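Chemist: start-v1.txt is the file, holding compact mmCIF, C-alpha atoms and all ligand atoms:
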```txt
# COMPACT_ATOMS: atom_id res chain seq x y z
CA MET U 1 29.50 31.44 122.57
CA ASP U 2 28.72 30.84 126.26
CA ILE U 3 27.95 34.04 128.15
CA PHE U 4 28.70 33.98 131.87
CA ASP U 5 30.31 35.98 134.62
CA TYR U 6 32.10 35.38 137.91
CA ASP U 7 28.91 34.87 139.90
CA ASN U 8 27.45 32.11 137.73
CA VAL U 9 30.48 29.89 137.15
CA LEU U 10 31.99 27.34 139.49
CA LEU U 11 35.18 25.39 138.94
CA LEU U 12 35.14 21.60 139.40
CA PRO U 13 37.61 19.94 141.79
CA ARG U 14 40.16 17.32 140.74
CA LYS U 15 41.86 14.80 142.99
CA CYS U 16 44.11 16.51 145.52
CA ARG U 17 47.87 16.10 144.95
CA VAL U 18 49.23 17.95 147.99
CA ASN U 19 49.33 17.14 151.70
CA SER U 20 49.07 20.76 152.69
CA ARG U 21 47.86 23.89 150.90
CA SER U 22 51.18 25.45 151.84
CA GLU U 23 52.72 23.31 149.05
CA CYS U 24 50.70 25.24 146.44
CA ASP U 25 52.66 27.94 144.65
CA THR U 26 50.66 31.07 143.75
CA SER U 27 53.55 32.91 142.14
CA VAL U 28 53.56 34.06 138.55
CA GLU U 29 56.17 35.27 136.08
CA PHE U 30 55.14 38.52 134.43
CA GLY U 31 57.32 40.71 132.26
CA GLY U 32 60.57 39.11 133.38
CA ARG U 33 59.90 39.19 137.13
CA ARG U 34 58.27 36.67 139.44
CA PHE U 35 55.53 37.94 141.73
CA VAL U 36 53.94 36.37 144.82
CA LEU U 37 50.41 36.65 143.40
CA PRO U 38 48.80 37.08 139.97
CA VAL U 39 47.07 40.14 141.39
CA VAL U 40 47.67 43.87 140.97
CA PRO U 41 45.77 46.71 142.66
CA ALA U 42 44.08 48.98 140.11
CA ASN U 43 46.03 52.03 138.94
CA MET U 44 43.48 54.38 140.48
CA LYS U 45 43.97 57.33 142.80
CA THR U 46 41.88 55.86 145.62
CA VAL U 47 43.58 52.45 145.37
CA ILE U 48 47.33 53.07 145.12
CA ASP U 49 49.73 55.80 146.20
CA GLU U 50 53.50 55.92 146.57
CA PRO U 51 53.76 54.21 149.99
CA ILE U 52 51.56 51.35 148.74
CA ALA U 53 53.56 51.06 145.51
CA GLU U 54 56.75 50.92 147.57
CA TYR U 55 55.29 48.28 149.91
CA LEU U 56 54.13 46.10 147.01
CA ALA U 57 57.39 46.33 145.06
CA ALA U 58 59.52 45.68 148.14
CA ASN U 59 57.45 42.64 149.12
CA GLY U 60 57.34 40.78 145.82
CA TYR U 61 54.02 42.04 144.45
CA PHE U 62 53.34 43.63 141.08
CA TYR U 63 52.06 47.21 141.12
CA VAL U 64 51.01 49.82 138.57
CA MET U 65 51.16 53.42 139.80
CA HIS U 66 48.27 55.65 138.66
CA ARG U 67 48.90 58.65 136.36
CA PHE U 68 46.67 61.35 137.82
CA ASP U 69 48.08 64.62 139.25
CA LEU U 70 51.43 62.88 139.51
CA ASP U 71 54.93 63.55 138.23
CA SER U 72 55.61 60.02 136.97
CA VAL U 73 59.29 60.78 136.34
CA ALA U 74 59.87 62.00 139.89
CA PHE U 75 58.01 58.92 141.16
CA ALA U 76 60.16 56.65 138.98
CA LYS U 77 63.35 58.29 140.25
CA ARG U 78 62.32 57.77 143.88
CA MET U 79 61.57 54.10 143.23
CA ARG U 80 64.99 53.68 141.58
CA GLU U 81 66.68 55.37 144.59
CA ARG U 82 65.05 52.71 146.79
CA GLY U 83 66.26 49.95 144.48
CA LEU U 84 62.72 49.06 143.41
CA PHE U 85 61.27 48.33 139.98
CA VAL U 86 59.37 51.07 138.18
CA SER U 87 55.82 50.48 136.92
CA ILE U 88 53.86 53.52 135.80
CA SER U 89 50.75 54.39 133.79
CA SER U 90 50.50 56.45 130.64
CA GLY U 91 47.85 58.11 128.54
CA VAL U 92 48.23 58.87 124.85
CA LYS U 93 48.58 62.65 124.74
CA ASP U 94 51.58 64.96 124.13
CA ALA U 95 52.12 65.30 127.88
CA ASP U 96 52.42 61.50 128.11
CA ARG U 97 55.02 61.47 125.32
CA ALA U 98 56.92 64.16 127.25
CA VAL U 99 57.07 61.80 130.24
CA ILE U 100 58.60 59.11 128.03
CA ASP U 101 61.12 61.64 126.67
CA ARG U 102 62.18 62.62 130.20
CA LEU U 103 62.45 59.00 131.38
CA ALA U 104 64.74 58.32 128.42
CA ALA U 105 66.75 61.55 128.57
CA GLU U 106 67.33 61.36 132.34
CA GLY U 107 68.28 57.68 132.20
CA VAL U 108 65.53 56.65 134.63
CA GLY U 109 63.63 54.38 132.27
CA ALA U 110 60.70 52.25 133.36
CA ASP U 111 60.37 48.50 133.76
CA TYR U 112 56.63 48.46 133.03
CA ILE U 113 54.40 51.07 131.39
CA THR U 114 50.64 50.55 131.28
CA ILE U 115 48.86 52.53 128.57
CA ASP U 116 45.49 52.86 130.13
CA ILE U 117 42.66 54.61 128.31
CA ALA U 118 38.93 53.98 128.20
CA HIS U 119 38.79 52.76 124.59
CA GLY U 120 42.18 51.12 124.11
CA HIS U 121 41.49 49.69 120.65
CA ALA U 122 42.60 52.93 119.04
CA GLU U 123 45.22 54.38 116.71
CA SER U 124 46.33 56.64 119.56
CA VAL U 125 47.38 53.51 121.46
CA ARG U 126 49.19 52.12 118.42
CA ARG U 127 51.19 55.37 118.20
CA MET U 128 51.91 55.38 121.94
CA ILE U 129 53.16 51.78 121.94
CA ALA U 130 55.47 52.65 119.03
CA TYR U 131 56.68 55.77 120.84
CA ILE U 132 57.53 53.88 124.02
CA LYS U 133 59.20 51.06 122.10
CA GLU U 134 61.31 53.60 120.18
CA HIS U 135 62.43 55.60 123.22
CA LEU U 136 62.42 52.94 125.96
CA PRO U 137 62.94 49.67 124.08
CA GLN U 138 63.55 47.62 127.24
CA THR U 139 60.20 48.56 128.80
CA PHE U 140 57.43 45.96 129.10
CA VAL U 141 54.35 47.64 127.64
CA ILE U 142 50.84 46.76 128.80
CA ALA U 143 48.03 48.25 126.69
CA GLY U 144 44.30 48.58 127.17
CA ASN U 145 41.55 48.55 127.93
CA VAL U 146 39.86 46.33 125.38
CA GLY U 147 37.07 43.78 125.29
CA THR U 148 37.28 41.86 122.02
CA PRO U 149 39.63 39.36 120.35
CA GLU U 150 40.10 41.76 117.43
CA ALA U 151 41.44 44.37 119.82
CA VAL U 152 43.78 41.93 121.55
CA ILE U 153 45.17 40.83 118.17
CA ASP U 154 45.72 44.44 117.07
CA LEU U 155 47.37 45.54 120.31
CA GLU U 156 49.69 42.54 120.25
CA ASN U 157 50.57 43.21 116.59
CA TRP U 158 51.23 46.86 117.41
CA GLY U 159 53.87 45.72 119.91
CA ALA U 160 52.11 45.50 123.27
CA ASP U 161 53.76 42.92 125.54
CA ALA U 162 50.48 42.33 127.39
CA THR U 163 46.89 43.47 127.00
CA LYS U 164 44.37 44.58 129.61
CA VAL U 165 40.83 43.28 129.12
CA GLY U 166 37.76 44.86 130.68
CA ILE U 167 35.46 47.61 129.43
CA GLY U 168 33.04 48.56 132.12
CA PRO U 169 32.91 45.63 134.60
CA GLY U 170 34.31 47.73 137.46
CA LYS U 171 32.40 48.46 140.64
CA VAL U 172 32.52 52.23 140.12
CA CYS U 173 32.03 51.98 136.37
CA ILE U 174 28.97 53.40 134.64
CA THR U 175 30.22 52.91 131.06
CA ARG U 176 27.56 50.42 130.14
CA LEU U 177 24.80 52.71 131.43
CA LYS U 178 26.22 55.83 129.81
CA THR U 179 27.26 54.32 126.45
CA GLY U 180 25.57 50.94 126.04
CA PHE U 181 28.95 49.22 125.51
CA GLY U 182 31.23 46.92 127.41
CA THR U 183 32.00 43.64 129.10
CA GLY U 184 30.17 44.47 132.32
CA GLY U 185 27.99 41.48 133.27
CA TRP U 186 29.93 39.02 131.09
CA GLN U 187 33.55 39.95 131.83
CA LEU U 188 34.60 36.36 132.53
CA SER U 189 33.39 35.04 129.17
CA ALA U 190 34.86 38.11 127.42
CA LEU U 191 38.16 37.14 129.02
CA LYS U 192 37.77 33.57 127.76
CA TRP U 193 36.95 34.86 124.28
CA CYS U 194 40.01 37.18 124.24
CA ALA U 195 42.34 34.57 125.73
CA ARG U 196 41.60 32.18 122.85
CA VAL U 197 43.45 34.48 120.43
CA ALA U 198 46.04 36.00 122.76
CA THR U 199 49.66 35.00 122.28
CA LYS U 200 50.89 37.24 125.10
CA PRO U 201 49.72 37.68 128.72
CA ILE U 202 46.31 39.16 129.49
CA ILE U 203 45.45 41.23 132.56
CA ALA U 204 41.80 40.68 133.50
CA ASP U 205 40.62 44.06 134.76
CA GLY U 206 37.52 44.72 136.81
CA GLY U 207 34.59 42.82 138.28
CA ILE U 208 36.43 40.88 140.98
CA ARG U 209 34.19 40.74 144.04
CA HIS U 210 35.53 37.67 145.89
CA HIS U 211 38.94 36.06 146.22
CA GLY U 212 37.67 32.99 144.34
CA ASP U 213 37.19 35.20 141.29
CA ILE U 214 40.99 35.35 140.99
CA ALA U 215 41.17 31.58 140.41
CA LYS U 216 38.29 31.85 137.92
CA SER U 217 40.17 34.59 136.03
CA VAL U 218 43.29 32.43 135.81
CA ARG U 219 41.16 29.47 134.67
CA PHE U 220 39.81 31.52 131.77
CA GLY U 221 43.17 32.89 130.65
CA ALA U 222 44.35 35.73 132.84
CA ALA U 223 48.06 35.98 133.63
CA MET U 224 47.36 38.81 136.07
CA VAL U 225 44.18 40.16 137.66
CA MET U 226 43.65 43.89 138.28
CA ILE U 227 41.43 44.70 141.25
CA GLY U 228 40.08 48.02 142.51
CA SER U 229 37.24 47.79 145.00
CA LEU U 230 38.68 44.92 147.06
CA PHE U 231 41.80 47.07 147.63
CA ALA U 232 40.14 50.45 148.16
CA GLY U 233 38.91 49.85 151.71
CA HIS U 234 42.10 49.43 153.72
CA GLU U 235 43.44 51.57 156.53
CA GLU U 236 46.31 52.62 154.23
CA SER U 237 44.10 53.20 151.15
CA PRO U 238 44.60 56.70 149.71
CA GLY U 239 40.88 57.57 149.49
CA ALA U 240 39.49 59.97 152.10
CA THR U 241 38.18 58.36 155.30
CA VAL U 242 34.48 59.04 155.82
CA GLU U 243 32.43 58.27 158.94
CA VAL U 244 28.78 57.31 158.52
CA ASP U 245 26.71 56.37 161.60
CA GLY U 246 29.87 55.63 163.57
CA LYS U 247 31.25 53.28 160.89
CA LEU U 248 34.43 54.11 158.92
CA TYR U 249 34.62 53.97 155.14
CA LYS U 250 37.11 54.89 152.43
CA GLU U 251 35.95 56.73 149.35
CA TYR U 252 36.48 54.87 146.07
CA TYR U 253 35.88 56.70 142.82
CA GLY U 254 36.29 55.92 139.12
CA SER U 255 39.19 57.37 137.16
CA ALA U 256 36.62 58.66 134.66
CA SER U 257 34.41 60.11 137.39
CA ASP U 258 33.98 63.85 137.95
CA PHE U 259 35.76 63.31 141.31
CA ASN U 260 38.93 62.25 139.47
CA LYS U 261 38.57 64.53 136.45
CA GLY U 262 37.62 67.67 138.37
CA GLU U 263 34.87 68.40 135.85
CA TYR U 264 31.68 66.75 134.63
CA LYS U 265 32.71 65.83 131.06
CA HIS U 266 32.60 62.36 129.48
CA VAL U 267 31.95 60.95 132.91
CA GLU U 268 31.95 57.12 132.99
CA GLY U 269 32.62 56.55 136.67
CA LYS U 270 31.03 57.15 140.05
CA ARG U 271 32.05 57.42 143.71
CA ILE U 272 31.14 54.92 146.42
CA LEU U 273 32.20 54.21 149.98
CA GLU U 274 34.01 50.99 150.86
CA PRO U 275 33.89 49.83 154.51
CA ILE U 276 37.36 49.83 156.04
CA LYS U 277 38.29 46.19 156.53
CA GLY U 278 41.78 46.33 158.01
CA LYS U 279 45.30 46.28 156.68
CA LEU U 280 46.44 45.69 153.12
CA ALA U 281 49.02 43.10 154.19
CA ASP U 282 46.26 40.97 155.81
CA THR U 283 44.17 41.01 152.63
CA LEU U 284 47.20 40.03 150.54
CA ARG U 285 47.96 37.17 152.92
CA GLU U 286 44.34 35.96 152.82
CA MET U 287 44.27 36.22 149.01
CA ARG U 288 47.38 34.06 148.82
CA GLU U 289 45.94 31.47 151.22
CA ASP U 290 42.63 31.37 149.32
CA LEU U 291 44.47 30.98 146.00
CA GLN U 292 46.56 28.16 147.50
CA SER U 293 43.26 26.46 148.40
CA SER U 294 41.99 27.04 144.84
CA ILE U 295 45.10 25.37 143.40
CA SER U 296 44.65 22.42 145.77
CA TYR U 297 40.98 22.03 144.69
CA ALA U 298 42.28 22.00 141.09
CA GLY U 299 44.39 18.98 141.96
CA GLY U 300 47.45 21.07 141.31
CA ARG U 301 50.60 22.51 142.80
CA VAL U 302 51.16 25.63 140.70
CA LEU U 303 48.98 28.43 139.38
CA ALA U 304 48.88 27.08 135.82
CA ASP U 305 47.15 23.93 137.11
CA LEU U 306 44.00 26.04 137.53
CA ARG U 307 43.74 26.11 133.73
CA LYS U 308 43.13 22.34 133.68
CA VAL U 309 39.83 22.21 135.53
CA ASN U 310 36.33 21.80 134.15
CA TYR U 311 33.56 24.14 135.17
CA VAL U 312 29.80 24.49 135.41
CA ILE U 313 27.64 27.40 134.41
CA LEU U 314 24.79 27.89 136.88
CA GLY U 315 21.30 28.87 135.72
CA GLY U 316 20.28 30.62 132.50
CA GLU U 317 20.28 29.22 128.98
CA ASN U 318 24.03 28.47 129.03
CA ALA U 319 23.74 26.33 132.15
CA GLY U 320 25.57 23.02 132.17
CA GLU U 321 28.84 21.24 132.68
CA HIS U 322 31.81 22.20 130.53
CA LEU U 323 34.46 19.55 130.16
CA LEU U 324 37.98 19.93 128.88
CA MET U 325 38.05 17.35 126.11
N1 LIG F 401 38.04 50.04 132.04
C1 LIG F 401 37.04 50.83 131.76
O1 LIG F 401 35.93 50.40 131.48
C2 LIG F 401 37.22 52.31 131.74
C3 LIG F 401 38.30 52.86 132.36
N2 LIG F 401 38.44 54.21 132.39
C4 LIG F 401 39.64 54.74 133.03
O2 LIG F 401 39.52 56.12 133.25
C5 LIG F 401 40.77 56.76 133.05
C6 LIG F 401 40.59 57.89 132.07
O3 LIG F 401 40.35 57.34 130.78
P1 LIG F 401 40.39 58.25 129.47
O4 LIG F 401 39.36 59.31 129.59
O5 LIG F 401 40.36 57.37 128.28
O6 LIG F 401 41.86 58.86 129.59
P2 LIG F 401 42.41 60.23 129.15
O7 LIG F 401 41.65 61.32 129.80
O8 LIG F 401 43.87 60.19 129.31
O9 LIG F 401 42.03 60.28 127.59
C7 LIG F 401 42.76 59.50 126.70
C8 LIG F 401 42.53 59.95 125.27
O10 LIG F 401 41.63 59.06 124.66
C9 LIG F 401 40.49 59.80 124.17
N3 LIG F 401 39.32 58.98 124.42
C10 LIG F 401 38.83 58.58 125.60
N4 LIG F 401 37.74 57.83 125.43
C11 LIG F 401 37.56 57.77 124.11
C12 LIG F 401 36.60 57.16 123.30
N5 LIG F 401 35.58 56.46 123.80
N6 LIG F 401 36.71 57.30 121.95
C13 LIG F 401 37.72 58.02 121.41
N7 LIG F 401 38.65 58.63 122.14
C14 LIG F 401 38.57 58.50 123.46
C15 LIG F 401 40.51 61.10 124.91
O11 LIG F 401 39.97 62.16 124.14
P3 LIG F 401 38.57 62.84 124.49
O12 LIG F 401 38.43 62.90 125.98
O13 LIG F 401 38.68 64.19 123.87
O14 LIG F 401 37.53 62.00 123.83
C16 LIG F 401 41.97 61.33 125.12
O15 LIG F 401 42.56 61.92 124.00
C17 LIG F 401 41.75 55.69 132.58
O16 LIG F 401 42.50 55.24 133.67
C18 LIG F 401 40.83 54.60 132.08
O17 LIG F 401 41.41 53.33 132.19
C19 LIG F 401 37.55 55.05 131.81
C20 LIG F 401 36.43 54.54 131.22
C21 LIG F 401 36.20 53.13 131.07
N1 LIG F 402 34.13 52.42 133.27
C1 LIG F 402 35.01 52.81 134.20
N2 LIG F 402 35.89 51.94 134.65
C2 LIG F 402 36.75 52.38 135.54
C3 LIG F 402 36.77 53.68 136.03
N3 LIG F 402 37.76 53.81 136.90
C4 LIG F 402 38.37 52.62 136.94
N4 LIG F 402 37.76 51.75 136.13
C5 LIG F 402 38.06 50.36 135.90
O1 LIG F 402 37.60 49.58 137.02
C6 LIG F 402 38.65 48.68 137.41
C7 LIG F 402 38.47 48.23 138.85
O2 LIG F 402 37.30 47.46 138.95
P1 LIG F 402 36.81 46.78 140.32
O3 LIG F 402 35.58 46.04 139.94
O4 LIG F 402 37.89 45.86 140.78
O5 LIG F 402 36.55 47.86 141.31
C8 LIG F 402 39.88 49.49 137.13
O6 LIG F 402 41.05 48.73 137.09
C9 LIG F 402 39.54 50.14 135.80
O7 LIG F 402 39.79 49.32 134.70
C10 LIG F 402 35.78 54.57 135.55
O8 LIG F 402 35.69 55.75 135.95
N5 LIG F 402 34.92 54.10 134.64
```
The structure given in the file should be rewritten as structure tokens.
Modeler:
Amino acid sequence: MDIFDYDNVLLLPRKCRVNSRSECDTSVEFGGRRFVLPVVPANMKTVIDEPIAEYLAANGYFYVMHRFDLDSVAFAKRMRERGLFVSISSGVKDADRAVIDRLAAEGVGADYITIDIAHGHAESVRRMIAYIKEHLPQTFVIAGNVGTPEAVIDLENWGADATKVGIGPGKVCITRLKTGFGTGGWQLSALKWCARVATKPIIADGGIRHHGDIAKSVRFGAAMVMIGSLFAGHEESPGATVEVDGKLYKEYYGSASDFNKGEYKHVEGKRILEPIKGKLADTLREMREDLQSSISYAGGRVLADLRKVNYVILGGENAGEHLLM
């Protein structure tokens, strides 16, 4: 198996088939809706809050609300009142089952529920998928996080409608240092490995540092790409604003950090500062333009055309050209 990551793979161009990059369509169908981009901000407290969720849903983007210190049912009701789709996160504990009960009993429902725990290849996730499917059968269930084909196969067989791949590649992740496990450092080839067996969509989660990494994720099998750090440093980002030497930053911390948990127990995340780079809408526009360019370099017109390109691995023992034959 080739081992590589975003920073040592480059995609190879094919003859251009458009006269303008504006002809390239970045939209993607996911869970019965079409979204402008195959990109979703991470369901983390310093990345998304209710105003951002509302902005994304109202403007054609996918979102997943976080699940920390939040009444997910009240959030879901407010989104419904605004005529917007509901996409929330869930853990696997009794309190999470109580949320599902209330969503069902109060007729609010949810369009998407992301079961999001550190080690998603677990019986607790199997039970939670079954519970959601029993009580909210119309809901599209995303389950994770995982990092192996075996896990993707199990989650799909347990009823997940999509899986989320990425154990420890995140910018504020310290899982690989604390536990010795994960896909950090080889997330892109882990994605490729998982995508080979997947029969349902995969969300590639973590490790995106540049807009071009979105095209690479799609090339290696992602239907959707979850991104934290690139979204944490906006004027609207929910993290606290911090000034250092006259420069403004937003705090960005891991969901498994002591900052999120409120205690130092099973900590697998840290806190960093992201320079404030402007408005969210400008980043989304630039991401779309860059992805349109990526599609044009692929000789394509639609997102799926990215899957057709060859690639090279730079440096290391896996270096070389990889052709689709
Ligand atoms: N993508 C990634 O690499 C990682 C992401 N995270 C994120 O941090 C947040 C908190 O995650 P998490 O602590 O799982 O959520 P929760 O605090 O909701 O815990 C979920 C449940 O899973 C159990 N659990 C957690 N990790 C393990 C494990 N390694 N083995 C067995 N059981 C486990 C917990 O029990 P107990 O605590 O008693 O063990 C708990 O019952 C989530 O949003 C998650 O996605 C966290 C770490 C890695
Ligand atoms: N190991 C940990 N991973 C975490 C934690 N909090 C969030 N995450 C994961 O990171 C991605 C975002 O990655 P980025 O590279 O785009 O910044 C996020 O979606 C989670 O899957 C954590 O505390 N520990």
Chemist: What gap, in Å, lies between CA of Leu323 in chain U and CA of Val39 in chain U?
Modeler: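 Distance between the two atoms: 26.6 Å.
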Chemist: Taking (29.7, 58.6, 138.7) in the coordinates of the supplied file, I want to know which residues reach to within 7 Å of it, counting only C-alpha atoms; could you give the answer as number ranges by chain?
Modeler: U: 174, 257-258, 267-271
Chemist: Please list as number ranges by chain every residue within 10 Å of Thr148 in chain U, counting all atoms listed in the file and excluding residues in the same chain fewer than 6 positions away.
Modeler: U: 121, 165-167, 182-183, 190-191, 193-195, 197
Chemist: Taking only residues of chain U that have an atom at most 7 Å from an atom of ligand LIG 401 (chain F), what is each one's shortest atom pair and its distance in Å to one decimal, using all atoms listed in the file, in chain and number order, as a tab-separated table?
Modeler:
```
residue	atom	partner	partner_atom	distance
U:Met44	CA	F:LIG401	O16	6.9
U:Gly91	CA	F:LIG401	O8	4.6
U:Val92	CA	F:LIG401	C7	5.8
U:Lys93	CA	F:LIG401	O15	6.1
U:Asp116	CA	F:LIG401	O17	4.6
U:Ile117	CA	F:LIG401	O5	3.6
U:Ala118	CA	F:LIG401	O5	3.7
U:His119	CA	F:LIG401	N5	5.0
U:Asn145	CA	F:LIG401	N1	5.6
U:Gly166	CA	F:LIG401	N1	5.4
U:Ile167	CA	F:LIG401	O1	3.5
U:Gly168	CA	F:LIG401	O1	3.5
U:Pro169	CA	F:LIG401	O1	6.5
U:Gly170	CA	F:LIG401	O1	6.7
U:Cys173	CA	F:LIG401	O1	6.5
U:Thr175	CA	F:LIG401	C21	6.0
U:Gly254	CA	F:LIG401	O2	6.7
U:Ser255	CA	F:LIG401	O2	4.1
U:Ala256	CA	F:LIG401	O2	4.1
U:His266	CA	F:LIG401	O12	6.8
U:Glu268	CA	F:LIG401	C20	5.5
U:Gly269	CA	F:LIG401	C20	6.9
```
Chemist: What is the CA of Ile48 in chain U-CA of Val64 in chain U distance in Å, reported with one decimal?
Modeler: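 About the pair CA of Ile48 in chain U and CA of Val64 in chain U: they are 8.2 Å apart.
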Chemist: So, counting only C-alpha atoms, which residue among U:Val40, U:Ile115, U:Leu70, U:Met79 is closest to Asp205 in chain U?
Modeler: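 Using only C-alpha atoms, the shortest distance to Asp205 in chain U belongs to U:Val40.
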Chemist: Considering all atoms listed in the file, can you say which of U:Ile202, U:Ile214, U:Asp96, U:Ile52 comes closest to Leu280 in chain U?
Modeler: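 For Leu280 in chain U, the nearest of the candidates is U:Ile52.
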Chemist: If we count only C-alpha atoms, what is near range 2-10 of chain U at a cut-off of 6 Å, once residues fewer than 4 positions away on the same chain are taken out, given as a ChimeraX atom specification?
Modeler: /U:186-189,311-314,318
Chemist: Using only C-alpha atoms, please write the residues we just selected to a file, as a PDB file, in the coordinates of the input.
Modeler:
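Result went into part_39.pdb, see below:
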```pdb
ATOM      1  CA  TRP U 186      29.930  39.020 131.090  1.00  0.00           C
ATOM      2  CA  GLN U 187      33.550  39.950 131.830  1.00  0.00           C
ATOM      3  CA  LEU U 188      34.600  36.360 132.530  1.00  0.00           C
ATOM      4  CA  SER U 189      33.390  35.040 129.170  1.00  0.00           C
ATOM      5  CA  TYR U 311      33.560  24.140 135.170  1.00  0.00           C
ATOM      6  CA  VAL U 312      29.800  24.490 135.410  1.00  0.00           C
ATOM      7  CA  ILE U 313      27.640  27.400 134.410  1.00  0.00           C
ATOM      8  CA  LEU U 314      24.790  27.890 136.880  1.00  0.00           C
ATOM      9  CA  ASN U 318      24.030  28.470 129.030  1.00  0.00           C
TER      10      ASN U 318
END
```
Chemist: Rounded to one decimal in Å, what is the spacing between CA of Leu291 in chain U and CA of Val86 in chain U?
Modeler: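 Computing it gives 26.2 Å between the two atoms.
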Chemist: Using only C-alpha atoms and all ligand atoms, find the one residue out of U:His135, U:Lys171, U:Arg67, U:Arg126 that sits nearest to ligand LIG 402 (chain F).
Modeler: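 Answer, going by the shortest atom-to-atom distance: U:Lys171.
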Chemist: So which residues touch Leu103 in chain U within 10 Å, counting all atoms listed in the file, skipping near sequence neighbours fewer than 6 positions away, as a PDB file with C-alpha atoms, in the coordinates of the input?
Modeler:
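Saved the output as result_19.pdb:
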```pdb
ATOM      1  CA  SER U  72      55.610  60.020 136.970  1.00  0.00           C
ATOM      2  CA  VAL U  73      59.290  60.780 136.340  1.00  0.00           C
ATOM      3  CA  ALA U  74      59.870  62.000 139.890  1.00  0.00           C
ATOM      4  CA  ALA U  76      60.160  56.650 138.980  1.00  0.00           C
ATOM      5  CA  LYS U  77      63.350  58.290 140.250  1.00  0.00           C
ATOM      6  CA  ARG U  97      55.020  61.470 125.320  1.00  0.00           C
ATOM      7  CA  GLY U 109      63.630  54.380 132.270  1.00  0.00           C
ATOM      8  CA  ALA U 110      60.700  52.250 133.360  1.00  0.00           C
ATOM      9  CA  HIS U 135      62.430  55.600 123.220  1.00  0.00           C
ATOM     10  CA  LEU U 136      62.420  52.940 125.960  1.00  0.00           C
TER      11      LEU U 136
END
```
Chemist: Would you list the residues near (48.9, 41.1, 141.7), meaning any protein, DNA or RNA residue with an atom at most 8 Å from that point in file coordinates, counting all atoms listed in the file, as a VMD selection string?
Modeler: chain U and resid 35 to 41 61 to 63 224 to 226
Chemist: From the list U:Glu150, U:Glu106, U:Asp305, U:Glu274, which residue is nearest Arg196 in chain U when using only C-alpha atoms?
Modeler: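 Residue with the minimum atom-to-atom distance to Arg196 in chain U: U:Glu150.
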Chemist: Contacts of Glu243 in chain U at 12 Å or less, counting all atoms listed in the file, minus same-chain residues fewer than 3 places along, as number ranges by chain?
Modeler: U: 240, 246-251, 273-276
Chemist: Return the single residue from U:Phe75, U:Tyr264, U:Phe85, U:Phe68 that is closest to Arg33 in chain U, with distances computed using all atoms listed in the file.
Modeler: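 For Arg33 in chain U, the nearest of the candidates is U:Phe85.
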Chemist: Ligand LIG 402 (chain F), all listed atoms, 6 Å padding on each side: what axis-aligned box centre and edge lengths in Å to one decimal come out, as JSON?
Modeler:
```
{"center_x": 37.6, "center_y": 50.8, "center_z": 137.3, "size_x": 18.9, "size_y": 21.9, "size_z": 20.0}
```
Chemist: Of the residues U:Phe259, U:Gly316, U:Glu289, U:Ile153, which is the one nearest to ligand LIG 402 (chain F), using only C-alpha atoms and all ligand atoms?
Modeler: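 The closest residue to ligand LIG 402 (chain F) is U:Phe259.
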Chemist: Write out as a JSON list (two decimals) with C-alpha atoms, in the frame of the given file which residues come within 6 Å of range 15-26 of chain U when counting only C-alpha atoms, dropping same-chain ones fewer than 6 positions away.
Modeler:
```
[["chain", "number", "residue", "atom", "x", "y", "z"],
["U", 37, "LEU", "CA", 50.41, 36.65, 143.40],
["U", 292, "GLN", "CA", 46.56, 28.16, 147.50],
["U", 293, "SER", "CA", 43.26, 26.46, 148.40],
["U", 296, "SER", "CA", 44.65, 22.42, 145.77],
["U", 299, "GLY", "CA", 44.39, 18.98, 141.96],
["U", 301, "ARG", "CA", 50.60, 22.51, 142.80],
["U", 302, "VAL", "CA", 51.16, 25.63, 140.70],
["U", 303, "LEU", "CA", 48.98, 28.43, 139.38]]
```
